[in-house]
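File shown here: target.csv, holding CSV, C-alpha atoms.
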chain,number,residue,atom,x,y,z
A,44,MET,CA,0.0,0.0,0.0
A,45,SER,CA,5.1,3.9,-1.3
A,46,SER,CA,4.7,6.9,0.6
A,47,GLY,CA,1.1,6.7,0.2
A,48,PHE,CA,0.4,3.3,1.2
A,49,ASN,CA,-3.2,2.7,1.9
A,50,SER,CA,-5.6,5.4,1.1
A,51,GLY,CA,-7.8,2.9,-0.6
A,52,ALA,CA,-8.6,1.2,2.6
A,53,VAL,CA,-10.1,4.2,4.1
A,54,GLN,CA,-13.0,3.9,1.7
A,55,GLY,CA,-14.1,0.5,2.4
A,56,LEU,CA,-11.6,-1.2,0.2
A,57,ASP,CA,-9.4,-3.8,1.8
A,58,ASN,CA,-5.7,-3.4,1.3
A,59,GLU,CA,-5.8,-6.5,-0.8
A,60,ASP,CA,-7.8,-4.5,-3.3
A,61,LEU,CA,-4.5,-3.1,-4.4
A,62,PRO,CA,-1.7,-5.1,-5.8
A,63,ILE,CA,0.5,-6.9,-3.3
A,64,SER,CA,3.6,-5.9,-5.2
A,65,SER,CA,3.2,-2.3,-4.4
A,66,VAL,CA,3.6,-2.9,-0.8
A,67,ASN,CA,7.3,-3.5,-1.5
A,68,ASP,CA,7.9,-0.8,-4.0
A,69,ALA,CA,8.8,2.8,-3.5
A,70,GLY,CA,6.3,5.2,-4.9
A,71,THR,CA,3.2,3.2,-4.4
A,72,THR,CA,1.1,1.8,-1.6
A,73,GLY,CA,-1.9,0.1,-2.9
A,74,GLU,CA,-3.4,-0.1,-0.7
A,75,ARG,CA,-3.3,1.3,-0.3
A,76,ALA,CA,-2.1,5.6,-1.0
A,77,ASN,CA,-5.6,1.6,0.6
A,78,GLY,CA,-3.1,3.1,1.7
A,79,GLY,CA,-3.9,0.8,1.4
A,80,TYR,CA,-3.6,1.6,0.4
A,81,ALA,CA,-4.9,0.2,1.4
A,82,VAL,CA,-7.8,1.8,1.2
A,83,HIS,CA,-8.8,2.0,0.2
A,84,ASN,CA,-7.5,6.0,0.7
A,85,GLY,CA,-5.1,3.7,-1.0
A,86,ILE,CA,-1.6,2.3,-0.5
A,87,GLY,CA,-0.8,2.6,-4.0
A,88,ILE,CA,-0.4,-0.3,-4.6
A,89,GLN,CA,6.9,-4.1,-6.7
A,90,GLY,CA,10.3,-5.2,-5.9
A,91,ASN,CA,12.4,-5.1,-2.8
A,92,ALA,CA,12.6,-1.3,-2.2
A,93,SER,CA,11.2,0.0,1.0
A,94,ILE,CA,8.3,2.5,1.1
A,95,ILE,CA,10.8,5.1,2.4
A,96,ASN,CA,14.2,5.0,0.9
A,97,VAL,CA,16.5,5.4,3.9
A,98,PRO,CA,20.1,5.4,2.6
A,99,ALA,CA,21.9,5.0,5.9
A,100,ASN,CA,21.4,2.6,8.8
A,101,ALA,CA,22.0,5.4,11.3
A,102,GLU,CA,19.3,7.5,9.7
A,103,ARG,CA,16.9,4.6,9.7
A,104,ARG,CA,17.5,3.9,13.3
A,105,ALA,CA,16.9,7.6,14.2
A,106,LEU,CA,13.6,7.6,12.3
A,107,VAL,CA,12.4,4.4,13.8
A,108,ASP,CA,13.4,5.6,17.3
A,109,ARG,CA,11.5,8.8,16.8
A,110,PHE,CA,8.4,6.9,15.7
A,111,SER,CA,8.6,4.5,18.6
A,112,ARG,CA,8.5,7.5,21.0
A,113,GLY,CA,5.3,8.6,19.4
A,114,ARG,CA,6.7,11.4,17.3
A,115,PRO,CA,6.2,10.7,13.6
A,116,VAL,CA,8.8,12.3,11.3
A,117,PRO,CA,7.2,15.3,9.6
A,118,GLY,CA,6.7,14.7,5.9
A,119,ASP,CA,7.7,11.0,6.0
A,120,SER,CA,5.6,7.9,6.2
A,121,VAL,CA,5.7,6.4,9.6
A,122,SER,CA,6.0,3.0,8.1
A,123,ILE,CA,9.7,2.3,7.9
A,124,LEU,CA,10.1,-0.7,5.7
A,125,VAL,CA,13.6,-2.3,5.6
A,126,TYR,CA,15.2,-4.0,2.6
A,127,GLY,CA,15.7,-7.7,2.5
A,128,ASP,CA,14.8,-9.8,5.5
A,129,GLU,CA,12.5,-7.3,7.1
A,130,LYS,CA,14.8,-6.7,10.1
A,131,ARG,CA,13.8,-3.6,12.0
A,132,GLU,CA,14.2,-2.0,15.3
A,133,HIS,CA,11.2,-1.3,17.4
A,134,GLY,CA,12.7,0.8,20.1
A,135,SER,CA,10.5,0.4,23.1
A,136,GLY,CA,7.9,-1.8,21.3
A,137,THR,CA,6.9,-5.0,23.0
A,138,LYS,CA,7.0,-8.5,21.5
A,139,SER,CA,3.3,-8.7,21.4
A,140,SER,CA,3.0,-5.7,19.1
A,141,PRO,CA,3.1,-7.6,15.8
A,142,LEU,CA,0.4,-10.0,17.0
A,143,LEU,CA,-1.7,-7.1,18.4
A,144,SER,CA,-1.3,-4.9,15.3
A,145,GLY,CA,-1.9,-7.9,12.9
A,146,THR,CA,-5.1,-8.8,14.8
A,147,ALA,CA,-6.3,-5.2,14.7
A,148,TYR,CA,-5.6,-5.0,10.9
A,149,CYS,CA,-7.4,-8.2,10.1
A,150,PHE,CA,-10.3,-7.3,12.3
A,151,SER,CA,-10.8,-3.9,10.8
A,152,SER,CA,-10.4,-5.2,7.3
A,153,CYS,CA,-12.9,-8.0,7.7
A,154,SER,CA,-15.4,-5.9,9.5
A,155,MET,CA,-15.2,-3.1,7.0
A,156,ILE,CA,-16.2,-5.3,4.1
A,157,LEU,CA,-18.9,-7.1,6.0
A,158,LEU,CA,-20.5,-3.9,7.3
A,159,ASN,CA,-20.5,-2.4,3.8
A,160,LYS,CA,-22.3,-5.5,2.6
A,161,VAL,CA,-24.9,-5.1,5.4
A,162,VAL,CA,-25.5,-1.5,4.4
A,163,LEU,CA,-25.8,-2.2,0.7
A,164,SER,CA,-27.5,-5.5,0.7
A,165,SER,CA,-29.2,-6.3,4.0
A,166,TYR,CA,-30.6,-2.7,4.2
A,167,ASN,CA,-31.1,-2.7,0.4
A,168,PHE,CA,-29.5,0.8,0.2
A,169,ASN,CA,-29.3,1.8,-3.4
A,170,ALA,CA,-27.2,4.9,-3.1
A,171,GLY,CA,-23.6,3.7,-3.2
A,172,ILE,CA,-22.2,7.1,-4.2
A,173,SER,CA,-24.0,8.7,-1.2
A,174,LEU,CA,-22.5,6.1,1.1
A,175,MET,CA,-19.1,6.8,-0.3
A,176,PHE,CA,-19.5,10.5,0.3
A,177,TYR,CA,-20.6,9.9,3.9
A,178,GLN,CA,-17.7,7.7,4.6
A,179,ASN,CA,-15.1,10.0,2.9
A,180,PHE,CA,-16.5,12.9,4.8
A,181,ILE,CA,-16.1,11.1,8.1
A,182,SER,CA,-12.5,10.2,7.2
A,183,SER,CA,-11.7,13.8,6.2
A,184,VAL,CA,-13.0,15.3,9.4
A,185,ILE,CA,-11.1,12.8,11.6
A,186,VAL,CA,-7.8,13.2,9.8
A,187,ILE,CA,-8.2,17.0,9.9
A,188,LEU,CA,-8.9,16.9,13.7
A,189,LEU,CA,-6.0,14.6,14.3
A,190,GLY,CA,-3.8,17.0,12.3
A,191,LEU,CA,-4.9,20.0,14.3
A,192,CYS,CA,-4.3,18.2,17.5
A,193,GLY,CA,-0.8,17.3,16.4
A,194,ALA,CA,-1.5,13.5,16.6
A,195,VAL,CA,-0.5,13.0,13.0
A,196,SER,CA,1.6,15.0,10.5
A,197,VAL,CA,-0.5,16.2,7.5
A,198,GLU,CA,0.9,18.2,4.6
A,199,LYS,CA,-0.8,21.6,3.8
A,200,LEU,CA,-2.7,21.3,0.6
A,201,ASN,CA,-2.0,23.7,-2.2
A,202,TRP,CA,-3.5,24.2,-5.7
A,203,LYS,CA,-0.4,22.8,-7.4
A,204,LEU,CA,-0.6,19.6,-5.4
A,205,ILE,CA,-4.4,19.4,-6.0
A,206,ARG,CA,-4.0,19.9,-9.7
A,207,VAL,CA,-1.4,17.0,-9.9
A,208,TRP,CA,-3.6,14.8,-7.8
A,209,ILE,CA,-7.0,15.3,-9.5
A,210,PRO,CA,-6.4,12.6,-12.2
A,211,VAL,CA,-5.6,10.1,-9.4
A,212,ASN,CA,-8.6,11.2,-7.5
A,213,VAL,CA,-11.0,10.8,-10.4
A,214,ILE,CA,-9.9,7.2,-10.8
A,215,PHE,CA,-10.1,6.7,-7.0
A,216,VAL,CA,-13.7,7.8,-6.9
A,217,GLY,CA,-14.6,5.5,-9.8
A,218,MET,CA,-12.8,2.7,-8.0
A,219,LEU,CA,-14.8,3.2,-4.8
A,220,VAL,CA,-18.1,3.6,-6.5
A,221,SER,CA,-17.7,0.5,-8.6
A,222,GLY,CA,-16.5,-1.4,-5.5
A,223,MET,CA,-19.7,-0.4,-3.6
A,224,TYR,CA,-22.0,-1.5,-6.4
A,225,SER,CA,-20.2,-4.8,-7.0
A,226,LEU,CA,-20.4,-5.6,-3.3
A,227,LYS,CA,-24.1,-4.9,-3.4
A,228,TYR,CA,-24.8,-7.5,-6.1
A,229,ILE,CA,-22.2,-10.2,-5.5
A,230,ASN,CA,-21.5,-12.3,-2.4
A,231,VAL,CA,-18.4,-11.5,-0.4
A,232,ALA,CA,-16.5,-14.7,-1.2
A,233,MET,CA,-16.8,-14.1,-5.0
A,234,VAL,CA,-15.9,-10.4,-4.7
A,235,THR,CA,-12.8,-11.5,-2.9
A,236,ILE,CA,-11.9,-14.0,-5.6
A,237,LEU,CA,-12.6,-11.7,-8.5
A,238,LYS,CA,-10.4,-9.0,-7.0
A,239,ASN,CA,-7.4,-11.3,-7.8
A,240,VAL,CA,-7.9,-10.1,-11.4
A,241,THR,CA,-6.6,-6.7,-10.3
A,242,ASN,CA,-3.2,-8.2,-9.7
A,243,ILE,CA,-3.1,-9.6,-13.3
A,244,LEU,CA,-4.1,-6.3,-14.8
A,245,THR,CA,-1.5,-4.5,-12.7
A,246,ALA,CA,1.2,-6.9,-13.7
A,247,LEU,CA,0.4,-6.4,-17.4
A,248,GLY,CA,0.3,-2.7,-16.9
A,249,GLU,CA,3.7,-2.7,-15.2
A,250,LEU,CA,5.1,-4.8,-18.0
A,251,TYR,CA,3.9,-2.3,-20.6
A,252,MET,CA,4.5,1.0,-18.8
A,253,PHE,CA,7.5,0.3,-16.6
A,254,ARG,CA,9.0,-2.8,-18.4
A,255,LYS,CA,8.8,-4.7,-15.1
A,256,HIS,CA,9.0,-8.4,-15.6
A,257,GLN,CA,7.6,-11.0,-13.2
A,258,ASN,CA,9.1,-14.4,-12.5
A,259,GLN,CA,7.5,-17.7,-13.7
A,260,LYS,CA,5.9,-18.4,-10.3
A,261,VAL,CA,4.0,-15.1,-10.4
A,262,TRP,CA,2.7,-15.8,-13.9
A,263,THR,CA,1.7,-19.3,-12.8
A,264,ALA,CA,-0.2,-17.8,-9.8
A,265,MET,CA,-2.0,-15.3,-12.0
A,266,PHE,CA,-3.0,-18.1,-14.4
A,267,LEU,CA,-4.5,-20.0,-11.4
A,268,MET,CA,-6.3,-16.8,-10.5
A,269,ILE,CA,-7.9,-16.6,-13.9
A,270,ILE,CA,-9.0,-20.2,-13.7
A,271,SER,CA,-10.6,-19.7,-10.3
A,272,ALA,CA,-12.3,-16.4,-11.3
A,273,ILE,CA,-13.8,-18.1,-14.4
A,274,SER,CA,-14.8,-21.3,-12.7
A,275,GLY,CA,-16.2,-19.3,-9.7
A,276,GLY,CA,-18.4,-17.2,-12.0
A,277,ILE,CA,-19.7,-20.2,-13.9
A,278,THR,CA,-20.6,-22.1,-10.7
A,279,ASP,CA,-21.9,-19.1,-8.8
A,280,LEU,CA,-25.6,-19.9,-7.8
A,281,SER,CA,-26.3,-16.3,-7.1
A,282,PHE,CA,-24.6,-15.0,-10.3
A,283,ASP,CA,-25.6,-11.4,-11.2
A,284,ALA,CA,-24.5,-10.0,-14.5
A,285,VAL,CA,-24.8,-6.4,-13.2
A,286,GLY,CA,-22.6,-7.2,-10.2
A,287,TYR,CA,-20.0,-9.0,-12.2
A,288,SER,CA,-19.8,-6.0,-14.6
A,289,TRP,CA,-19.3,-3.6,-11.8
A,290,GLN,CA,-16.5,-5.9,-10.4
A,291,ILE,CA,-14.7,-6.0,-13.7
A,292,ILE,CA,-14.9,-2.2,-13.9
A,293,ASN,CA,-13.6,-2.1,-10.3
A,294,CYS,CA,-10.6,-4.3,-11.2
A,295,VAL,CA,-9.7,-2.2,-14.2
A,296,LEU,CA,-10.0,1.1,-12.2
A,297,THR,CA,-8.0,-0.3,-9.2
A,298,ALA,CA,-5.2,-1.4,-11.4
A,299,THR,CA,-5.3,1.9,-13.2
A,300,TYR,CA,-5.2,3.7,-9.9
A,301,SER,CA,-2.2,1.8,-8.8
A,302,LEU,CA,-0.3,2.5,-12.0
A,303,THR,CA,-1.3,6.1,-12.2
A,304,LEU,CA,-0.4,6.7,-8.5
A,305,ARG,CA,3.1,5.4,-9.2
A,306,ARG,CA,3.5,7.8,-12.1
A,307,VAL,CA,2.3,10.9,-10.3
A,308,MET,CA,3.8,10.3,-6.9
A,309,ASP,CA,7.2,11.9,-7.6
A,310,GLU,CA,5.5,15.0,-9.1
A,311,ALA,CA,3.1,15.2,-6.2
A,312,LYS,CA,6.0,15.2,-3.7
A,313,LYS,CA,7.6,18.1,-5.5
A,314,GLN,CA,4.5,20.2,-4.8
A,315,THR,CA,4.7,19.8,-1.0
A,316,LYS,CA,6.7,21.9,1.4
A,317,SER,CA,8.5,18.9,2.9
A,318,GLY,CA,9.2,17.2,-0.4
A,319,SER,CA,7.3,14.1,0.6
A,320,LEU,CA,3.7,12.9,1.0
A,321,ASN,CA,2.9,10.6,3.9
A,322,GLU,CA,0.0,8.2,4.4
A,323,PHE,CA,-2.2,10.6,6.4
A,324,SER,CA,-1.7,13.4,3.8
A,325,MET,CA,-2.8,11.1,1.0
A,326,VAL,CA,-5.8,9.9,3.0
A,327,LEU,CA,-6.9,13.5,3.5
A,328,LEU,CA,-6.1,14.4,-0.1
A,329,ASN,CA,-8.0,11.5,-1.6
A,330,ASN,CA,-11.0,11.8,0.7
A,331,LEU,CA,-11.3,15.6,0.7
A,332,LEU,CA,-11.0,15.9,-3.1
A,333,SER,CA,-13.5,13.1,-3.6
A,334,LEU,CA,-16.3,15.1,-1.9
A,335,PRO,CA,-17.0,17.6,-4.7
A,336,PHE,CA,-16.9,14.7,-7.3
A,337,ALA,CA,-19.3,12.7,-5.2
A,338,ILE,CA,-21.7,15.7,-4.8
A,339,PHE,CA,-21.7,16.1,-8.6
A,340,LEU,CA,-22.5,12.4,-9.2
A,341,ILE,CA,-25.2,12.4,-6.5
A,342,LEU,CA,-26.9,15.3,-8.2
A,343,LEU,CA,-26.3,13.9,-11.7
A,344,PHE,CA,-28.0,10.5,-10.8
A,345,GLY,CA,-30.6,12.0,-8.5
A,346,GLU,CA,-29.4,10.0,-5.5
A,347,TRP,CA,-30.2,12.9,-3.1
A,348,GLU,CA,-34.0,12.4,-3.7
A,349,TYR,CA,-33.6,8.7,-3.0
A,350,VAL,CA,-31.7,9.3,0.2
A,351,VAL,CA,-34.1,11.9,1.5
A,352,ASN,CA,-37.2,9.7,0.8
A,353,VAL,CA,-36.0,6.1,1.4
A,354,ASP,CA,-37.4,4.6,4.6
A,355,VAL,CA,-34.1,2.9,5.6
A,356,ALA,CA,-32.4,6.3,5.9
A,357,LYS,CA,-34.8,7.0,8.8
A,358,LEU,CA,-33.6,4.1,10.9
A,359,PRO,CA,-31.0,5.1,13.5
A,360,MET,CA,-29.4,1.7,13.3
A,361,PHE,CA,-28.7,2.1,9.6
A,362,TRP,CA,-26.6,5.2,10.3
A,363,VAL,CA,-24.8,3.5,13.2
A,364,VAL,CA,-23.7,0.7,10.8
A,365,ALA,CA,-22.9,3.2,8.0
A,366,THR,CA,-20.8,5.3,10.4
A,367,ALA,CA,-19.1,2.3,11.8
A,368,SER,CA,-18.1,1.1,8.3
A,369,GLY,CA,-16.6,4.5,7.6
A,370,LEU,CA,-14.7,4.5,10.9
A,371,LEU,CA,-13.4,1.0,10.2
A,372,GLY,CA,-12.3,2.1,6.7
A,373,LEU,CA,-10.1,4.8,8.3
A,374,ALA,CA,-9.0,2.3,10.9
A,375,ILE,CA,-7.6,0.0,8.2
A,376,SER,CA,-5.1,2.8,7.2
A,377,PHE,CA,-3.9,3.2,10.7
A,378,THR,CA,-3.7,-0.5,11.6
A,379,SER,CA,-2.1,-1.4,8.3
A,380,MET,CA,0.6,1.2,8.9
A,381,TRP,CA,1.0,-0.1,12.5
A,382,PHE,CA,1.3,-3.7,11.3
A,383,LEU,CA,3.8,-2.8,8.5
A,384,HIS,CA,5.9,-0.9,11.0
A,385,GLN,CA,5.9,-3.9,13.4
A,386,THR,CA,6.6,-6.6,10.8
A,387,GLY,CA,7.3,-5.8,7.1
A,388,PRO,CA,6.1,-6.0,3.5
A,389,THR,CA,6.6,-9.8,3.3
A,390,THR,CA,4.5,-10.6,6.4
A,391,TYR,CA,2.0,-7.9,5.5
A,392,SER,CA,1.4,-9.3,2.0
A,393,LEU,CA,1.0,-12.9,3.3
A,394,VAL,CA,-1.3,-12.0,6.1
A,395,GLY,CA,-3.4,-9.9,3.7
A,396,SER,CA,-3.8,-12.9,1.4
A,397,LEU,CA,-4.6,-15.2,4.3
A,398,ASN,CA,-7.1,-12.7,5.6
A,399,LYS,CA,-9.3,-13.3,2.6
A,400,ILE,CA,-10.1,-16.8,4.0
A,401,PRO,CA,-12.1,-15.6,7.1
A,402,ILE,CA,-13.7,-12.8,5.1
A,403,SER,CA,-15.0,-15.3,2.6
A,404,ILE,CA,-16.2,-17.7,5.2
A,405,ALA,CA,-17.9,-15.0,7.3
A,406,GLY,CA,-19.5,-13.5,4.2
A,407,THR,CA,-20.9,-16.8,3.1
A,408,VAL,CA,-22.2,-17.8,6.6
A,409,LEU,CA,-23.6,-14.4,7.7
A,410,PHE,CA,-25.4,-13.6,4.5
A,411,LYS,CA,-26.6,-17.2,4.0
A,412,VAL,CA,-25.2,-17.4,0.5
A,413,PRO,CA,-26.4,-20.5,-1.5
A,414,ILE,CA,-23.3,-22.4,-2.6
A,415,SER,CA,-22.6,-25.5,-4.5
A,416,LEU,CA,-19.7,-27.9,-4.0
A,417,SER,CA,-18.2,-26.8,-7.3
A,418,ASN,CA,-18.5,-23.2,-6.4
A,419,LEU,CA,-17.0,-23.8,-3.0
A,420,PHE,CA,-14.0,-25.6,-4.7
A,421,SER,CA,-13.6,-22.6,-7.0
A,422,ILE,CA,-13.5,-20.2,-4.1
A,423,LEU,CA,-11.0,-22.3,-2.1
A,424,PHE,CA,-8.9,-22.6,-5.3
A,425,GLY,CA,-9.0,-18.9,-5.7
A,426,LEU,CA,-7.9,-18.3,-2.1
A,427,PHE,CA,-5.1,-20.7,-2.6
A,428,ALA,CA,-4.0,-18.9,-5.8
A,429,GLY,CA,-4.0,-15.6,-3.9
A,430,VAL,CA,-1.7,-17.0,-1.2
A,431,PHE,CA,0.5,-18.6,-3.8
A,432,PHE,CA,0.7,-15.2,-5.6
A,433,ALA,CA,1.8,-13.5,-2.4
A,434,GLY,CA,4.5,-16.2,-1.9
A,435,ALA,CA,5.7,-15.9,-5.5
A,436,LYS,CA,6.0,-12.1,-5.1
A,437,MET,CA,8.0,-12.5,-1.9
A,438,SER,CA,10.4,-15.0,-3.6
Once you've parsed the file, please lay out its structure as structure tokens.
Amino acid sequence: MSSGFNSGAVQGLDNEDLPISSVNDAGTTGERANGGYAVHNGIGIQGNASIINVPANAERRALVDRFSRGRPVPGDSVSILVYGDEKREHGSGTKSSPLLSGTAYCFSSCSMILLNKVVLSSYNFNAGISLMFYQNFISSVIVILLGLCGAVSVEKLNWKLIRVWIPVNVIFVGMLVSGMYSLKYINVAMVTILKNVTNILTALGELYMFRKHQNQKVWTAMFLMIISAISGGITDLSFDAVGYSWQIINCVLTATYSLTLRRVMDEAKKQTKSGSLNEFSMVLLNNLLSLPFAIFLILLFGEWEYVVNVDVAKLPMFWVVATASGLLGLAISFTSMWFLHQTGPTTYSLVGSLNKIPISIAGTVLFKVPISLSNLFSILFGLFAGVFFAGAKMS
């Protein structure tokens, strides 16, 4: 999820929405800028480079030491990823921190997707753009308040930075909206499997745009992903053509977001006072800039009339769930950064892939999704392909 590692996550997108490779590359965080990336609101989401290129061990130790004391370095991402074997110094951190941060990341990620599914499907809420606007607004307000309190370091926005970032943000909005609508029509397990297609599109884009070649294991894993996605769609008892169409659009936009973010990141950093763009700044930038676009789309498609008149919007519990999903989206950005700091890109990628398993199981059980033996096999095969892909990238 790069110096902007999980902004995707903030919007209800799991960090796995963004290519695993970017977690290891400078300049992107798929997530996430998720963001996650992440998130996401998206760690931009290849290689062995760290999110922050720290040239000297002494400087790296100083940065980590400052972070461990609770003082993030202004203008730099607080996730200090180290080359190679993920060795890092945690200062005063306890041994339980990786377990605690990993649990928090997995919990927020699973809960985010499931709560969005509740809002869109269980409550039959047909205004995905409005939901995105509400969640982005919450995220923007919280990050602004944290910045004013000095809890996080946020870059001051300026017109030059906004102008550079607008193309990324347009894609970001499309990514979130398409993700909302695909989740409404498709069961959680199949959404999880179909998201693997994003990795394939990103790899092809990197090959074409950046001449980045993947090893044979990665291409094998991506071939398995294609097989699982096709077989999963064919055997899906709750198949919905509209939902699958939205998911295909989402995969294309997510891959485009990752590739575009990688292209504009260097230019965006030049427009900031500190010469860098950290996670929190990207979360704020993505969420804040998305609000006018969301308002335009809400007015264009007449969603405001629906939201004002729909009965479900009058239920207090609906707003509790919608607000909780927005808060969890923001929590993904924080917990993913925390987890990355405590472990590293290798562990983060693998845990992100394994995290799809409980999400798929929970989504199938909680929403009582009809499933055949062949579809179950396709889902399990797809989950295996995702884990194999993470392992291949790490090798």
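Counting all atoms listed in the file, the residue from A:Val162, A:Leu219, A:Ile338, A:Leu409 that sits nearest to Thr366 (chain A) is A:Val162.
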Got a sec: who's within 8 Å of Gly425 (chain A), counting all atoms listed in the file, leaving out chain neighbours fewer than 3 positions off, as an mmCIF file with C-alpha atoms, in the coordinates of the input?
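To be explicit, this is the file written out as part_39.cif:
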data_model
loop_
_atom_site.group_PDB
_atom_site.id
_atom_site.type_symbol
_atom_site.label_atom_id
_atom_site.label_comp_id
_atom_site.auth_asym_id
_atom_site.auth_seq_id
_atom_site.Cartn_x
_atom_site.Cartn_y
_atom_site.Cartn_z
ATOM 1 C CA ILE A 236 -11.900 -14.000 -5.600
ATOM 2 C CA LEU A 267 -4.500 -20.000 -11.400
ATOM 3 C CA MET A 268 -6.300 -16.800 -10.500
ATOM 4 C CA SER A 271 -10.600 -19.700 -10.300
ATOM 5 C CA ALA A 272 -12.300 -16.400 -11.300
ATOM 6 C CA SER A 421 -13.600 -22.600 -7.000
ATOM 7 C CA ILE A 422 -13.500 -20.200 -4.100
ATOM 8 C CA ALA A 428 -4.000 -18.900 -5.800
ATOM 9 C CA GLY A 429 -4.000 -15.600 -3.900
#
Determine, counting all atoms listed in the file, which protein, DNA and RNA residues have an atom within 8 Å of an atom of region 400-402 of chain A; residues of the same chain fewer than 5 positions away are not included. Present the result as a VMD selection string. chain A and resid 153 156 to 157 231 to 232 426
Convert the current residue selection to file output with C-alpha atoms, as an mmCIF file, keeping the file's coordinate frame.
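Output (part-v6.cif):
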data_model
loop_
_atom_site.group_PDB
_atom_site.id
_atom_site.type_symbol
_atom_site.label_atom_id
_atom_site.label_comp_id
_atom_site.auth_asym_id
_atom_site.auth_seq_id
_atom_site.Cartn_x
_atom_site.Cartn_y
_atom_site.Cartn_z
ATOM 1 C CA CYS A 153 -12.900 -8.000 7.700
ATOM 2 C CA ILE A 156 -16.200 -5.300 4.100
ATOM 3 C CA LEU A 157 -18.900 -7.100 6.000
ATOM 4 C CA VAL A 231 -18.400 -11.500 -0.400
ATOM 5 C CA ALA A 232 -16.500 -14.700 -1.200
ATOM 6 C CA LEU A 426 -7.900 -18.300 -2.100
#
Out of A:Leu393, A:Leu383, A:Val307, A:Val363, which residue has the shortest atom-to-atom distance to Leu204 (chain A) when counting only C-alpha atoms? A:Val307
Can you pull out every residue within 9 Å of Gly434 (chain A), counting all atoms listed in the file, but drop anything in the same chain fewer than 6 positions away, and send it as a ChimeraX atom specification? /A:260-261,389,392-393
Which residues are near Tyr287 (chain A)? Cut-off 10 Å, all atoms listed in the file, ignore same chain within fewer than 4 positions. Put them as a list in words. Tyr224, Ser225, Leu226, Tyr228, Ile229, Met233, Val234, Leu237, Gly276, Phe282, Asp283, Ile291, Ile292 and Asn293 of chain A
For CA of Phe424 (chain A) and CA of Pro141 (chain A), quote the distance in Å rounded to one decimal. 28.5 Å
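Straight-line separation from CA of Phe339 (chain A) to CA of Trp208 (chain A): 18.2 Å.
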May I ask which of the residues A:Leu320, A:Leu143, A:Tyr300, A:Ser196 is the closest one to Ile214 (chain A), counting only C-alpha atoms? A:Tyr300
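Taking all atoms listed in the file into account, Leu332 (chain A) lies nearest to A:Val216 out of the set A:Val216, A:Pro413, A:Thr390, A:Gly222.
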With distances taken over only C-alpha atoms, which of A:Val186, A:Val213, A:Leu370, A:Ala264 is nearest to Phe431 (chain A)? A:Ala264
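Nearest residue to Ile243 (chain A) among A:Trp289, A:Phe336, A:Phe323, A:Phe432 is A:Phe432, counting only C-alpha atoms.
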